[in-house]
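Reproduced below: target-v7.cif, with mmCIF, C-alpha atoms.
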```cif
data_work
#
loop_
_atom_site.label_atom_id
_atom_site.label_comp_id
_atom_site.auth_asym_id
_atom_site.auth_seq_id
_atom_site.Cartn_x
_atom_site.Cartn_y
_atom_site.Cartn_z
CA MET D 1 87.10 41.11 129.30
CA PHE D 2 88.90 39.53 126.33
CA SER D 3 92.46 38.36 125.88
CA PRO D 4 94.73 40.03 123.31
CA GLU D 5 94.09 37.06 121.02
CA GLY D 6 90.33 37.57 121.21
CA PRO D 7 88.04 39.44 118.81
CA ARG D 8 88.12 43.21 118.55
CA LEU D 9 85.05 45.35 119.17
CA ARG D 10 84.46 45.84 115.46
CA GLU D 11 84.55 42.09 114.88
CA LEU D 12 82.02 41.52 117.66
CA VAL D 13 79.69 44.12 116.16
CA VAL D 14 79.85 42.46 112.75
CA GLN D 15 79.19 39.07 114.33
CA ALA D 16 76.28 40.38 116.40
CA LEU D 17 74.64 41.82 113.28
CA SER D 18 74.84 38.47 111.50
CA SER D 19 72.71 35.36 111.90
CA VAL D 20 73.65 33.00 114.72
CA GLU D 21 75.25 30.57 112.29
CA ARG D 22 77.18 33.21 110.36
CA GLY D 23 78.16 34.99 113.57
CA TYR D 24 79.75 31.86 114.97
CA ASP D 25 81.45 31.10 111.66
CA LEU D 26 83.14 34.51 111.96
CA LEU D 27 83.89 34.16 115.67
CA ALA D 28 85.24 30.61 115.46
CA PRO D 29 88.99 31.34 115.00
CA LYS D 30 89.02 33.43 118.20
CA PHE D 31 86.21 31.78 120.16
CA ASP D 32 88.49 30.01 122.63
CA HIS D 33 89.87 33.40 123.68
CA THR D 34 86.49 34.80 124.71
CA PRO D 35 84.40 34.44 127.90
CA PHE D 36 81.75 32.62 125.84
CA ARG D 37 83.73 29.38 126.00
CA THR D 38 82.82 27.20 129.00
CA PRO D 39 85.57 27.63 131.64
CA ASP D 40 87.95 24.72 132.16
CA PRO D 41 86.99 24.29 135.86
CA VAL D 42 83.36 23.59 134.82
CA LEU D 43 84.51 21.12 132.17
CA ASP D 44 86.86 19.39 134.60
CA ALA D 45 84.21 19.13 137.33
CA THR D 46 81.72 17.67 134.86
CA ALA D 47 84.26 15.11 133.68
CA SER D 48 84.98 14.15 137.28
CA ALA D 49 81.28 13.63 138.00
CA LEU D 50 80.81 11.55 134.85
CA ARG D 51 83.76 9.34 135.72
CA ARG D 52 81.99 8.43 138.96
CA THR D 53 78.92 7.17 137.04
CA GLY D 54 80.52 5.88 133.83
CA PRO D 55 82.04 4.60 131.77
CA PHE D 56 79.79 5.02 128.74
CA ASP D 57 80.07 3.62 125.22
CA ALA D 58 79.03 6.31 122.72
CA GLY D 59 78.85 10.02 123.58
CA LEU D 60 77.49 13.10 121.80
CA ASP D 61 78.46 16.72 122.46
CA LEU D 62 75.40 18.79 121.50
CA CYS D 63 76.27 22.21 120.03
CA CYS D 64 79.92 21.29 120.41
CA GLY D 65 81.46 24.54 119.17
CA THR D 66 85.24 24.23 119.10
CA GLY D 67 85.13 20.86 120.87
CA ALA D 68 85.71 21.49 124.57
CA GLY D 69 82.93 19.08 125.51
CA VAL D 70 84.31 16.44 123.17
CA GLU D 71 87.43 16.40 125.31
CA VAL D 72 85.23 15.70 128.35
CA LEU D 73 83.47 12.84 126.57
CA SER D 74 86.78 11.32 125.48
CA GLN D 75 87.61 10.79 129.16
CA VAL D 76 84.45 8.80 129.93
CA CYS D 77 83.43 7.07 126.68
CA ARG D 78 84.93 3.80 125.46
CA LYS D 79 83.79 3.33 121.86
CA SER D 80 83.06 6.64 120.10
CA VAL D 81 82.59 10.38 120.57
CA THR D 82 80.71 12.73 118.23
CA GLY D 83 80.51 16.51 118.16
CA VAL D 84 77.56 18.16 116.43
CA ASP D 85 77.16 21.86 115.62
CA PHE D 86 75.50 23.91 112.90
CA SER D 87 78.45 26.28 112.47
CA ALA D 88 80.89 25.06 109.83
CA GLY D 89 83.46 27.53 111.15
CA MET D 90 83.32 26.18 114.69
CA LEU D 91 83.58 22.59 113.45
CA SER D 92 86.57 23.51 111.31
CA VAL D 93 88.40 24.87 114.35
CA ALA D 94 87.37 21.81 116.41
CA ARG D 95 88.75 19.40 113.81
CA ARG D 96 92.11 21.16 113.82
CA ARG D 97 92.35 21.74 117.57
CA VAL D 98 90.88 18.70 119.31
CA ARG D 99 93.07 15.60 119.35
CA PRO D 100 92.05 13.91 122.59
CA PRO D 101 93.32 10.45 123.51
CA GLY D 102 90.69 7.77 123.71
CA PRO D 103 87.97 6.59 121.31
CA PRO D 104 87.61 7.85 117.73
CA VAL D 105 86.03 11.29 117.34
CA GLY D 106 83.61 12.29 114.58
CA TRP D 107 82.23 15.72 113.66
CA VAL D 108 78.79 16.34 112.17
CA ARG D 109 77.30 19.58 110.93
CA ALA D 110 73.62 19.65 111.89
CA ASP D 111 70.97 21.65 113.74
CA ALA D 112 70.29 20.45 117.29
CA ARG D 113 66.58 20.80 116.52
CA ALA D 114 66.84 18.16 113.76
CA LEU D 115 69.51 15.66 114.75
CA PRO D 116 70.50 13.17 112.02
CA PHE D 117 70.98 10.19 114.34
CA GLY D 118 69.00 7.25 115.61
CA PRO D 119 69.07 6.09 119.26
CA VAL D 120 72.79 5.28 119.25
CA PHE D 121 74.21 7.30 122.17
CA ASP D 122 74.54 6.43 125.84
CA LEU D 123 75.46 9.96 126.89
CA VAL D 124 74.69 13.44 125.53
CA VAL D 125 76.34 16.50 127.03
CA SER D 126 76.02 20.19 126.28
CA PHE D 127 77.89 23.23 127.57
CA GLY D 128 76.60 26.78 127.41
CA ALA D 129 74.35 26.37 124.37
CA PHE D 130 70.83 26.84 125.72
CA GLY D 131 70.80 30.63 125.46
CA HIS D 132 70.53 30.13 121.70
CA PHE D 133 67.11 28.50 122.00
CA LEU D 134 63.89 30.34 122.76
CA PRO D 135 61.73 28.90 125.55
CA ARG D 136 59.17 27.63 123.04
CA GLU D 137 61.89 25.56 121.37
CA LEU D 138 62.81 23.55 124.47
CA PRO D 139 60.17 20.81 124.03
CA GLY D 140 61.39 20.06 120.51
CA LEU D 141 65.04 20.29 121.51
CA PHE D 142 64.66 17.89 124.43
CA ALA D 143 62.59 15.51 122.28
CA GLN D 144 65.45 15.43 119.78
CA VAL D 145 67.95 14.60 122.52
CA ARG D 146 65.76 11.80 123.82
CA SER D 147 65.40 10.38 120.32
CA VAL D 148 69.17 9.87 119.93
CA LEU D 149 69.65 8.22 123.34
CA ARG D 150 69.48 4.51 123.92
CA PRO D 151 67.04 3.37 126.64
CA GLY D 152 68.45 4.49 129.97
CA GLY D 153 70.84 6.93 128.26
CA ARG D 154 71.62 10.23 129.96
CA PHE D 155 71.50 13.87 128.98
CA VAL D 156 73.92 15.80 131.21
CA PHE D 157 74.79 19.48 131.43
CA PRO D 158 75.99 21.94 134.11
CA VAL D 159 73.85 24.83 135.30
CA VAL D 160 75.28 27.79 137.19
CA ALA D 161 73.06 29.27 139.93
CA PRO D 162 71.47 32.50 138.66
CA PRO D 163 72.84 35.77 140.07
CA ARG D 164 70.80 37.41 142.78
CA PRO D 165 68.52 40.28 141.72
CA GLY D 166 70.24 43.56 142.41
CA SER D 167 73.75 42.20 142.00
CA LEU D 168 76.15 43.59 139.43
CA THR D 169 76.14 40.34 137.46
CA TYR D 170 72.33 40.29 137.42
CA GLY D 171 72.27 43.83 136.07
CA MET D 172 74.82 43.03 133.37
CA LEU D 173 72.92 39.98 132.15
CA LEU D 174 69.62 41.85 132.26
CA GLY D 175 71.17 44.64 130.21
CA PHE D 176 72.67 42.21 127.69
CA ASP D 177 69.32 40.49 127.15
CA ALA D 178 67.59 43.86 126.75
CA VAL D 179 70.08 44.93 124.09
CA MET D 180 69.62 41.65 122.22
CA ARG D 181 65.84 42.01 122.30
CA VAL D 182 66.07 45.51 120.83
CA ARG D 183 68.56 44.30 118.22
CA ASN D 184 66.27 41.46 117.15
CA ALA D 185 63.27 43.77 117.02
CA VAL D 186 64.91 46.13 114.53
CA TRP D 187 67.42 43.96 112.64
CA ARG D 188 67.24 40.82 110.54
CA PRO D 189 68.30 38.08 110.61
CA PRO D 190 67.85 37.59 114.35
CA PHE D 191 70.73 36.59 116.62
CA VAL D 192 69.28 34.47 119.41
CA MET D 193 71.54 34.66 122.44
CA TYR D 194 69.93 35.34 125.81
CA TYR D 195 71.23 34.66 129.30
CA ARG D 196 67.97 34.76 131.25
CA THR D 197 65.53 32.74 129.13
CA PHE D 198 66.71 29.29 130.25
CA ARG D 199 64.95 29.13 133.60
CA PHE D 200 65.54 26.28 136.02
CA GLY D 201 61.89 25.40 136.61
CA ASP D 202 60.97 25.54 132.93
CA MET D 203 63.93 23.36 132.03
CA ARG D 204 63.02 20.69 134.57
CA ARG D 205 59.36 20.64 133.56
CA GLU D 206 60.11 20.32 129.85
CA LEU D 207 62.67 17.55 130.41
CA ILE D 208 60.08 15.53 132.35
CA ARG D 209 57.48 16.13 129.65
CA ALA D 210 59.95 14.96 127.02
CA GLY D 211 60.36 11.62 128.81
CA PHE D 212 63.28 12.09 131.19
CA ARG D 213 63.79 11.40 134.86
CA VAL D 214 65.63 14.43 136.22
CA GLU D 215 68.16 14.56 139.04
CA PHE D 216 70.48 17.32 140.20
CA GLN D 217 74.00 16.82 141.49
CA ALA D 218 75.95 19.56 143.21
CA LEU D 219 79.43 20.06 141.80
CA PRO D 220 81.39 20.35 145.07
CA GLU D 221 84.36 22.04 143.40
CA PHE D 222 82.41 25.32 143.34
CA GLY D 223 81.03 25.35 146.88
CA ARG D 224 77.69 26.71 148.01
CA ARG D 225 75.95 30.05 148.31
CA ARG D 226 75.03 31.65 151.61
CA ASP D 227 71.62 29.96 151.60
CA GLY D 228 73.29 26.56 151.24
CA SER D 229 72.32 25.98 147.61
CA PRO D 230 75.04 24.79 145.19
CA LYS D 231 76.74 27.40 143.06
CA VAL D 232 76.91 24.94 140.16
CA ARG D 233 74.76 21.87 139.60
CA LEU D 234 74.91 19.05 137.13
CA VAL D 235 71.56 18.21 135.54
CA VAL D 236 71.31 14.47 134.92
CA ALA D 237 68.30 13.55 132.81
CA ALA D 238 67.87 9.83 132.17
CA ARG D 239 65.70 8.59 129.32
CA VAL D 240 62.62 6.84 130.70
CA ASP D 241 60.93 4.07 128.72
CA ALA D 242 57.60 2.51 129.57
#
```

Once you've parsed the file, please lay out its structure as structure tokens.
Amino acid sequence: MFSPEGPRLRELVVQALSSVERGYDLLAPKFDHTPFRTPDPVLDATASALRRTGPFDAGLDLCCGTGAGVEVLSQVCRKSVTGVDFSAGMLSVARRRVRPPGPPVGWVRADARALPFGPVFDLVVSFGAFGHFLPRELPGLFAQVRSVLRPGGRFVFPVVAPPRPGSLTYGMLLGFDAVMRVRNAVWRPPFVMYYRTFRFGDMRRELIRAGFRVEFQALPEFGRRRDGSPKVRLVVAARVDA
């Protein structure tokens, strides 16, 4: 499951028994060698889709981790790119690793639930971060994103089609979430990381309530499932102003 450069089992256990912030501080040096990093094909497909609708001026990578999304933004933004994350360890790795060509890149340590920006961005992206937010936190999270977008700005992120009930992947994710729920019931501080709490319908409803117009774009690079639905979609939420 992990490359030789990735974390050992003992390291993962220590990280899982920490807070989310501390866990990612510990994981940061080896994060890019784990399956938790968004795969390059998803990043590349997102960049391709954004190039068809851009360019944009200022871009923000929400929960940027080690900066993979910043590299996507650097391909489609003309004036500036910012990565924001609450893990100092992840930002430290991002500063050393990410040197994309294009506009200047800035790094900010902050919680996505309390962003320290005004409405200065034309594009916000996020990759693989929503499992760290409980369903009740989505309204506040989406309101924060809207508050940092200029009128007409877009909030964009890929969503992989959920595995079918009864499949091996479905069972693995169900088991992972069950273990995390037990862990958080008996151990403090909690480590919020769930794979099945970010539901498609809930996400769409809360984006609309937060003041977005929501569209879905199939990413053709990943094909379709047997029922014809896309395997991976891009959620494009545009800020709506009265």

Note to self: Taking 5 positions as the minimum chain separation for residues in the same chain, which residues sit within 6 Å of Thr66 of chain D when counting all atoms listed in the file? Answer as a PyMOL selection string.
What the structure shows: chain D and resi 90+93-94

* Asked: Rounded to one decimal in Å, what is the spacing between atom CA of Val76 of chain D and atom CA of Val240 of chain D?
  ->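 Calculated distance between atom CA of Val76 of chain D and atom CA of Val240 of chain D is 21.9 Å.
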
Residues of segment 109-146 of chain D that approach segment 30-42 of chain D to 10 Å or less, counting all atoms listed in the file: could you list each one with the shortest pair of atoms and its distance in Å to one decimal, rows by chain and increasing residue number, as CSV?
```
residue,atom,partner,partner_atom,distance
D:Phe127,CA,D:Thr38,CA,6.5
D:Gly128,CA,D:Thr38,CA,6.4
D:Ala129,CA,D:Thr38,CA,9.7
```

File dump, residues just selected, C-alpha atoms, as a PDB file, in the coordinates of the input:
```
ATOM      1  CA  PHE D 127      77.890  23.230 127.570  1.00  0.00           C
ATOM      2  CA  GLY D 128      76.600  26.780 127.410  1.00  0.00           C
ATOM      3  CA  ALA D 129      74.350  26.370 124.370  1.00  0.00           C
TER       4      ALA D 129
END
```

Practice item. Determine, counting only C-alpha atoms, every residue of protein, DNA or RNA that lies within 8 Å of (74.9, 7.3, 126.0) in the file coordinates, then give the result as a ChimeraX atom specification. Key: /D:56-60,120-124,149-150,153-155

Long-range neighbours of Leu173 of chain D as a JSON list (two decimals) with C-alpha atoms, in the frame of the given file, 12 Å cut-off, only C-alpha atoms, 5 positions minimum in chain:
```json
[["chain", "number", "residue", "atom", "x", "y", "z"],
["D", 131, "GLY", "CA", 70.80, 30.63, 125.46],
["D", 162, "PRO", "CA", 71.47, 32.50, 138.66],
["D", 163, "PRO", "CA", 72.84, 35.77, 140.07],
["D", 164, "ARG", "CA", 70.80, 37.41, 142.78],
["D", 165, "PRO", "CA", 68.52, 40.28, 141.72],
["D", 166, "GLY", "CA", 70.24, 43.56, 142.41],
["D", 167, "SER", "CA", 73.75, 42.20, 142.00],
["D", 168, "LEU", "CA", 76.15, 43.59, 139.43],
["D", 178, "ALA", "CA", 67.59, 43.86, 126.75],
["D", 179, "VAL", "CA", 70.08, 44.93, 124.09],
["D", 180, "MET", "CA", 69.62, 41.65, 122.22],
["D", 193, "MET", "CA", 71.54, 34.66, 122.44],
["D", 194, "TYR", "CA", 69.93, 35.34, 125.81],
["D", 195, "TYR", "CA", 71.23, 34.66, 129.30],
["D", 196, "ARG", "CA", 67.97, 34.76, 131.25],
["D", 197, "THR", "CA", 65.53, 32.74, 129.13]]
```

For this structure, which residues satisfy the selection - the PyMOL selection byres ((chain D and resi 97) around 12) - when it is evaluated on the file as given? I want them as a list in words.
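Selected by the PyMOL selection byres ((chain D and resi 97) around 12) in this file: Ala28, Pro29, Asp32, Gly65, Thr66, Gly67, Ala68, Val70, Glu71, Met90, Leu91, Ser92, Val93, Ala94, Arg95, Arg96, Val98, Arg99 and Pro100 of chain D.
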
Taking 3 positions as the minimum chain separation for residues in the same chain, which residues sit within 12 Å of Asp227 of chain D when counting all atoms listed in the file? Answer as an MDAnalysis selection string. chainID D and resid 161 164 223:224 230:231

Saved selection, atoms kept: C-alpha atoms, as a PDB file, in the coordinates of the input:
```pdb
ATOM      1  CA  ALA D 161      73.060  29.270 139.930  1.00  0.00           C
ATOM      2  CA  ARG D 164      70.800  37.410 142.780  1.00  0.00           C
ATOM      3  CA  GLY D 223      81.030  25.350 146.880  1.00  0.00           C
ATOM      4  CA  ARG D 224      77.690  26.710 148.010  1.00  0.00           C
ATOM      5  CA  PRO D 230      75.040  24.790 145.190  1.00  0.00           C
ATOM      6  CA  LYS D 231      76.740  27.400 143.060  1.00  0.00           C
TER       7      LYS D 231
END
```

- Message: Given the PyMOL selection byres ((chain D and resi 198-211) around 10) and the file above, list the residues it selects as number ranges by chain.
- Response: D: 130-135, 138-147, 155, 159-162, 194-197, 212-216, 235, 237-242

Tyr24 of chain D proximity check over D:Ala88, D:Ala47, D:Leu174, D:Val125, using only C-alpha atoms: winner is D:Ala88

Atom pair atom CA of Asp25 of chain D + atom CA of Glu5 of chain D, distance 16.8 Å

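Between atom CA of Glu11 of chain D and atom CA of Leu26 of chain D the interatomic distance comes to 8.2 Å.
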
Exercise. Nearest to Ser87 of chain D: which of D:Asp44, D:Glu221, D:Glu21, D:Asp177 is it, counting all atoms listed in the file?
Worked result: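 Among D:Asp44, D:Glu221, D:Glu21, D:Asp177, it is D:Glu21 that comes nearest to Ser87 of chain D.
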
#### Entry: Which residue of D:Asn184, D:Ser229, D:Gln217, D:Ser19 approaches Leu50 of chain D most closely, using all atoms listed in the file
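Among the listed residues, the smallest separation from Leu50 of chain D belongs to D:Gln217.
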
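Compared by their closest atoms to Pro190 of chain D, and using all atoms listed in the file, the residues D:Met172, D:Leu12, D:Val20, D:Ala45 rank with D:Val20 nearest.
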
With the input short on atoms, add N, CA, C and O atoms back to segment 62-78 of chain D and write it as a short mmCIF file (atom, residue, chain, number, x, y, z; two decimals), in the frame of the given file.
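Ended up saving to selection.cif:
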```cif
data_model
loop_
_atom_site.label_atom_id
_atom_site.label_comp_id
_atom_site.auth_asym_id
_atom_site.auth_seq_id
_atom_site.Cartn_x
_atom_site.Cartn_y
_atom_site.Cartn_z
N LEU D 62 76.42 18.02 122.20
CA LEU D 62 75.40 18.79 121.50
C LEU D 62 75.81 20.26 121.44
O LEU D 62 76.11 20.86 122.47
N CYS D 63 75.80 20.83 120.24
CA CYS D 63 76.27 22.21 120.03
C CYS D 63 77.72 22.31 120.51
O CYS D 63 78.05 23.10 121.40
N CYS D 64 78.57 21.52 119.89
CA CYS D 64 79.92 21.29 120.41
C CYS D 64 80.86 22.46 120.24
O CYS D 64 81.91 22.52 120.90
N GLY D 65 80.56 23.42 119.36
CA GLY D 65 81.46 24.54 119.17
C GLY D 65 82.84 24.09 118.75
O GLY D 65 83.00 23.28 117.83
N THR D 66 83.85 24.58 119.45
CA THR D 66 85.24 24.23 119.10
C THR D 66 85.72 22.95 119.79
O THR D 66 86.90 22.65 119.76
N GLY D 67 84.81 22.21 120.44
CA GLY D 67 85.13 20.86 120.87
C GLY D 67 85.53 20.67 122.32
O GLY D 67 86.02 19.60 122.66
N ALA D 68 85.32 21.66 123.18
CA ALA D 68 85.71 21.49 124.57
C ALA D 68 84.97 20.33 125.23
O ALA D 68 85.55 19.57 126.01
N GLY D 69 83.69 20.18 124.93
CA GLY D 69 82.93 19.08 125.51
C GLY D 69 83.33 17.72 124.97
O GLY D 69 83.20 16.71 125.66
N VAL D 70 83.82 17.70 123.74
CA VAL D 70 84.31 16.44 123.17
C VAL D 70 85.48 15.92 123.99
O VAL D 70 85.63 14.71 124.19
N GLU D 71 86.31 16.82 124.47
CA GLU D 71 87.43 16.40 125.31
C GLU D 71 86.94 15.79 126.62
O GLU D 71 87.55 14.86 127.15
N VAL D 72 85.83 16.30 127.15
CA VAL D 72 85.23 15.70 128.35
C VAL D 72 84.74 14.29 128.04
O VAL D 72 85.02 13.33 128.77
N LEU D 73 84.01 14.15 126.93
CA LEU D 73 83.47 12.84 126.57
C LEU D 73 84.57 11.82 126.33
O LEU D 73 84.41 10.63 126.64
N SER D 74 85.69 12.26 125.78
CA SER D 74 86.78 11.32 125.48
C SER D 74 87.37 10.70 126.74
O SER D 74 88.02 9.66 126.68
N GLN D 75 87.11 11.33 127.90
CA GLN D 75 87.61 10.79 129.16
C GLN D 75 86.68 9.72 129.74
O GLN D 75 87.11 8.95 130.61
N VAL D 76 85.43 9.69 129.28
CA VAL D 76 84.45 8.80 129.93
C VAL D 76 83.76 7.85 128.96
O VAL D 76 82.97 7.01 129.39
N CYS D 77 84.06 7.95 127.67
CA CYS D 77 83.43 7.07 126.68
C CYS D 77 84.45 6.09 126.12
O CYS D 77 85.61 6.45 125.89
N ARG D 78 84.01 4.85 125.86
CA ARG D 78 84.93 3.80 125.46
C ARG D 78 84.98 3.55 123.96
O ARG D 78 86.03 3.18 123.42
#
```
